[in-house]
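**Student:** Just dropping this structure here.
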Amino acid sequence: MTTAHEADHELAVTLPASVLTLAGQITRFRDRLASLRFGEPGAPVRAQDLAERAGGLRAAAEAAELGTARLYVSPPVRDAVSRLQLLASQAQLADEHLTWLGLYLGELTPQERGRPPYPPGRVLDTLHEAGRHLRQAHMLTALGAPDALRAATDLALALRAQRTGGVQPMSPAQYAALHATASGYVTVHIAGTEEWASARHDRISMATVRSLESRDWVRREAHHSMPGSRPVRLHLTEAGRIALASRLGRTPTYTRPRATTVQPVRARAR
């Protein structure tokens with residue numbers, strides 16, 4: 001039989017981790033969105049598939065919001081719920097824009113959607129509308145992963161205030177790398193036998209990446225391919241989401257143990 005303390009401990013781990021799962025789903029969605037090309041034969045079908053995925057993001061954000069029902073509505077919880085509601089609304093709007101995108105692309109043949117220059121009139125006007133809807137979908141989901149991470153942090157802080165849940169040991173560098181990974185910022189670049197990791201414009205030590213991989217906290221997933229490069233996206237595993245959720249809002253710090261001076265033993269006076 002599960003005790004109330006055990007139930008609280010489980011909630012402290014699973015609720016922020018579920019929101020981190022949403023952050024990873026948004027990152028994967030945006031990678032697929034970035035790889036869409038109007039001129040490819042299956043572009044209308046891919047646009048509709050992306051619309052369905054956006055609908056899945058909305059459902060995931062709403063499900064995470066429902067998970068907060070057991071919490072006392074403190075300011076951090078209220079902030080987290082607001083972020084999740086906003087994410088759900090943005091995903092719903094992205095779904096609608098991508099549905100329209102699929103319809104516009106379906107009005108043109110692959111040849112008409114091919115390389116520019118496009119003939120003025122129907123083709124150009126249709127592609128202009130398709131591009132507008134694609135840009136809107138990009139804009140609506142641009143900050144989705146960082147916002148989900150912020151919501152997970154708010155929930156972790158609220159649960160910590162209730163003194164529930166334990167923490168996973170990790171270094172500050174590991175925490176920073178996990179945090180950036182949850183935001184969808186970390187990629188590993190491969191050139192021959194060399195590898196290096198980056199988070200936006202910053203470098204991350206490959207030793208840190210490998211230490212996270214050895215603990216099964218992160219996993220590599222192929223990014224959308226670009227000519228002449230081999231970038232792969234870093235994603236949190238289930239174990240990584242739980243580990244980060246236990247530390248959100250509380251960066252680990254390492255302190256050296258204080259040196260102890262050993263005093264010589266004095267001989268007893270007889």
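Note on naming: chains are A, B, ... as they come in the structure tokens, residues start from 1 per chain, ligands start from 1 in the order shown.
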What's the 12 Å shell around Asp216 (chain A), counting only C-alpha atoms, without same-chain residues fewer than 5 positions away, as a PyMOL selection string?
**Tutor:** chain A and resi 178+209-211+234-243
**Student:** Please, which residues of region 210-244 of chain A, numbered as in this document, come out helix (DSSP H, G or I) from DSSP, as a PyMOL selection string?
**Tutor:** chain A and resi 210-214+238-244
**Student:** Suppose we keep all heavy atoms; can you now write the selection as a short mmCIF file (atom, residue, chain, number, x, y, z; two decimals), in the first residue's frame?
**Tutor:**
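For reference, part_3.cif as written:
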data_model
loop_
_atom_site.label_atom_id
_atom_site.label_comp_id
_atom_site.auth_asym_id
_atom_site.auth_seq_id
_atom_site.Cartn_x
_atom_site.Cartn_y
_atom_site.Cartn_z
N ARG A 210 29.65 12.97 -22.48
CA ARG A 210 29.87 11.53 -22.34
C ARG A 210 29.54 11.05 -20.93
O ARG A 210 29.07 9.93 -20.74
CB ARG A 210 31.31 11.19 -22.71
CG ARG A 210 31.62 11.42 -24.20
CD ARG A 210 32.98 10.90 -24.59
NE ARG A 210 33.24 11.15 -26.00
CZ ARG A 210 34.03 12.11 -26.47
NH1 ARG A 210 34.67 12.90 -25.61
NH2 ARG A 210 34.20 12.28 -27.77
N SER A 211 29.77 11.91 -19.93
CA SER A 211 29.41 11.51 -18.57
C SER A 211 27.90 11.38 -18.43
O SER A 211 27.40 10.49 -17.73
CB SER A 211 29.95 12.53 -17.55
OG SER A 211 29.22 13.75 -17.60
N LEU A 212 27.14 12.25 -19.11
CA LEU A 212 25.68 12.15 -19.10
C LEU A 212 25.22 10.92 -19.86
O LEU A 212 24.27 10.24 -19.45
CB LEU A 212 25.06 13.41 -19.70
CG LEU A 212 25.36 14.74 -18.98
CD1 LEU A 212 24.73 15.90 -19.74
CD2 LEU A 212 24.84 14.70 -17.54
N GLU A 213 25.89 10.63 -20.98
CA GLU A 213 25.54 9.44 -21.76
C GLU A 213 25.83 8.17 -20.96
O GLU A 213 25.07 7.20 -21.03
CB GLU A 213 26.30 9.43 -23.08
CG GLU A 213 25.84 10.49 -24.06
CD GLU A 213 26.64 10.51 -25.35
OE1 GLU A 213 27.86 10.26 -25.28
OE2 GLU A 213 26.05 10.77 -26.42
N SER A 214 26.91 8.17 -20.20
CA SER A 214 27.26 6.98 -19.43
C SER A 214 26.25 6.70 -18.32
O SER A 214 26.09 5.55 -17.89
CB SER A 214 28.66 7.13 -18.83
OG SER A 214 28.67 8.14 -17.82
N GLU A 238 14.34 9.26 -20.16
CA GLU A 238 13.43 9.28 -19.01
C GLU A 238 14.21 9.46 -17.71
O GLU A 238 13.82 10.24 -16.83
CB GLU A 238 12.61 7.99 -18.97
CG GLU A 238 11.60 7.97 -17.82
CD GLU A 238 10.76 6.71 -17.80
OE1 GLU A 238 10.95 5.86 -18.69
OE2 GLU A 238 9.92 6.57 -16.90
N ALA A 239 15.34 8.74 -17.59
CA ALA A 239 16.17 8.87 -16.40
C ALA A 239 16.74 10.29 -16.29
O ALA A 239 16.85 10.84 -15.19
CB ALA A 239 17.30 7.84 -16.42
N GLY A 240 17.10 10.88 -17.43
CA GLY A 240 17.62 12.24 -17.42
C GLY A 240 16.58 13.26 -17.01
O GLY A 240 16.88 14.24 -16.30
N ARG A 241 15.34 13.07 -17.47
CA ARG A 241 14.26 13.99 -17.07
C ARG A 241 14.02 13.92 -15.57
O ARG A 241 13.81 14.95 -14.91
CB ARG A 241 12.98 13.65 -17.84
CG ARG A 241 13.05 14.00 -19.32
CD ARG A 241 11.70 13.88 -19.98
NE ARG A 241 11.23 12.51 -20.07
CZ ARG A 241 11.48 11.68 -21.08
NH1 ARG A 241 12.22 12.10 -22.09
NH2 ARG A 241 11.00 10.46 -21.09
N ILE A 242 14.04 12.71 -15.02
CA ILE A 242 13.84 12.56 -13.57
C ILE A 242 14.99 13.19 -12.80
O ILE A 242 14.79 13.87 -11.78
CB ILE A 242 13.68 11.07 -13.22
CG1 ILE A 242 12.36 10.53 -13.79
CG2 ILE A 242 13.73 10.85 -11.71
CD1 ILE A 242 12.18 9.04 -13.65
N ALA A 243 16.22 12.98 -13.29
CA ALA A 243 17.39 13.55 -12.61
C ALA A 243 17.34 15.07 -12.63
O ALA A 243 17.56 15.73 -11.60
CB ALA A 243 18.67 13.04 -13.28
N LEU A 244 17.03 15.65 -13.78
CA LEU A 244 16.96 17.11 -13.87
C LEU A 244 15.80 17.64 -13.05
O LEU A 244 15.93 18.68 -12.37
CB LEU A 244 16.83 17.55 -15.33
CG LEU A 244 16.70 19.06 -15.57
CD1 LEU A 244 17.91 19.80 -15.01
CD2 LEU A 244 16.55 19.35 -17.06
#
**Student:** Excluding same-chain residues fewer than 2 positions from region 132-149 of chain A, what lies within 9 Å of it counting only C-alpha atoms, as a ChimeraX atom specification?
**Tutor:** /A:16,19-27,29-30,33-34,61,80,83-84,87,90-91,93-101,127-130,151-154,179-180,182-184,248
**Student:** Using only C-alpha atoms, determine which residues lie at most 10 Å from Val73 (chain A), disregarding the query and same-chain residues fewer than 6 positions distant; provide the list as a PyMOL selection string.
**Tutor:** chain A and resi 79+81+158
**Student:** Output N, CA and C atoms for every residue in the selection just made, as a CSV table (one decimal), in the first residue's frame.
**Tutor:**
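The resulting file, selection-v5.csv, is reproduced below:
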chain,number,residue,atom,x,y,z
A,79,ASP,N,2.0,30.1,-11.8
A,79,ASP,CA,2.8,30.5,-13.0
A,79,ASP,C,3.0,29.2,-13.9
A,81,VAL,N,1.0,26.7,-14.3
A,81,VAL,CA,-0.3,26.4,-15.0
A,81,VAL,C,-0.5,27.4,-16.1
A,158,ALA,N,7.8,24.4,-6.3
A,158,ALA,CA,6.6,24.3,-5.5
A,158,ALA,C,6.6,23.0,-4.7
**Student:** Considering only C-alpha atoms, state which residue in the set A:Gly56, A:Asp49, A:Val77, A:Thr68 is at the smallest distance from Ala161 (chain A).
**Tutor:**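 Closest to Ala161 (chain A) of all the choices is A:Val77.
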**Student:** Just how far from CA of His201 (chain A) is CA of Val188 (chain A), in Å to one decimal?
**Tutor:**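 Between these atoms lies a distance of 12.8 Å.
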**Student:** Compile the contact shell of Gly106 (chain A) as a list in words: residues with an atom at most 12 Å away, counting only C-alpha atoms, same-chain residues fewer than 6 positions apart removed.
**Tutor:**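 Counting only C-alpha atoms, the residues come to Phe38, Gly39, Glu40, Pro41, Gly42, Ala43, Pro44, Val45, Arg46, Ala47, Gln48, Thr99, Trp100, Glu112, Arg113, Val123, Thr126, Leu127 and Ala130 of chain A.
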**Student:** Might you pull out every residue within 9 Å of region 203-206 of chain A, with only C-alpha atoms counted and same-chain residues fewer than 5 positions away left off, and present them as a list of chain:residue names?
**Tutor:**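 Selected residues are A:Ala173, A:Ala177, A:Val186, A:Val188, A:Glu195, A:Trp196, A:Ala197, A:Ser198, A:Ser211.
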**Student:** I need the residues in region 139-250 of chain A that are strand (DSSP E or B) according to DSSP; give them as a list in words.
**Tutor:** Val186, Thr187, Val188, His189, Ile190, Ala191, Glu194, Glu195, Trp196, Ala197, Ser198, Ala199, Asp202, Arg203, Ile204, Val218, Arg219, Arg220, Glu221, Ala222, Pro231, Val232, Arg233, Leu234, His235 and Leu236 of chain A
**Student:** When you count only C-alpha atoms, which of these residues is closest to Gln168 (chain A): A:Gln92, A:Leu66, A:Arg215, A:Arg220?
**Tutor:** A:Arg215
**Student:** Identify which of the residues A:Asp125, A:Pro169, A:Arg37, A:Asp31 lies closest to Glu221 (chain A), counting only C-alpha atoms when measuring atom-to-atom distances.
**Tutor:**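 The closest residue to Glu221 (chain A) is A:Asp31.
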**Student:** Give me, please, the distance in Å between CA of Ala156 (chain A) and CA of Val13 (chain A), quoted to one decimal.
**Tutor:**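 If I compute the distance from CA of Ala156 (chain A) to CA of Val13 (chain A), I get 8.3 Å.
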**Student:** Let me make sure I understand: among A:Ala191, A:Val167, A:Leu155, A:Ser246, which one has the smallest atom-to-atom distance to Tyr72 (chain A) if we use only C-alpha atoms?
**Tutor:**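 Closest to Tyr72 (chain A), using only C-alpha atoms: A:Leu155.
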**Student:** Out of A:Ala54, A:Ala222, A:Leu157, A:Leu15, which residue has the shortest atom-to-atom distance to Ala69 (chain A) when counting only C-alpha atoms?
**Tutor:**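 Closest to Ala69 (chain A) of all the choices is A:Leu15.
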**Student:** Enter the distance from CA of Ala245 (chain A) to CA of Ser18 (chain A), in Å, rounded to one decimal.
**Tutor:**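 According to the coordinates, CA of Ala245 (chain A) and CA of Ser18 (chain A) are separated by 9.2 Å.
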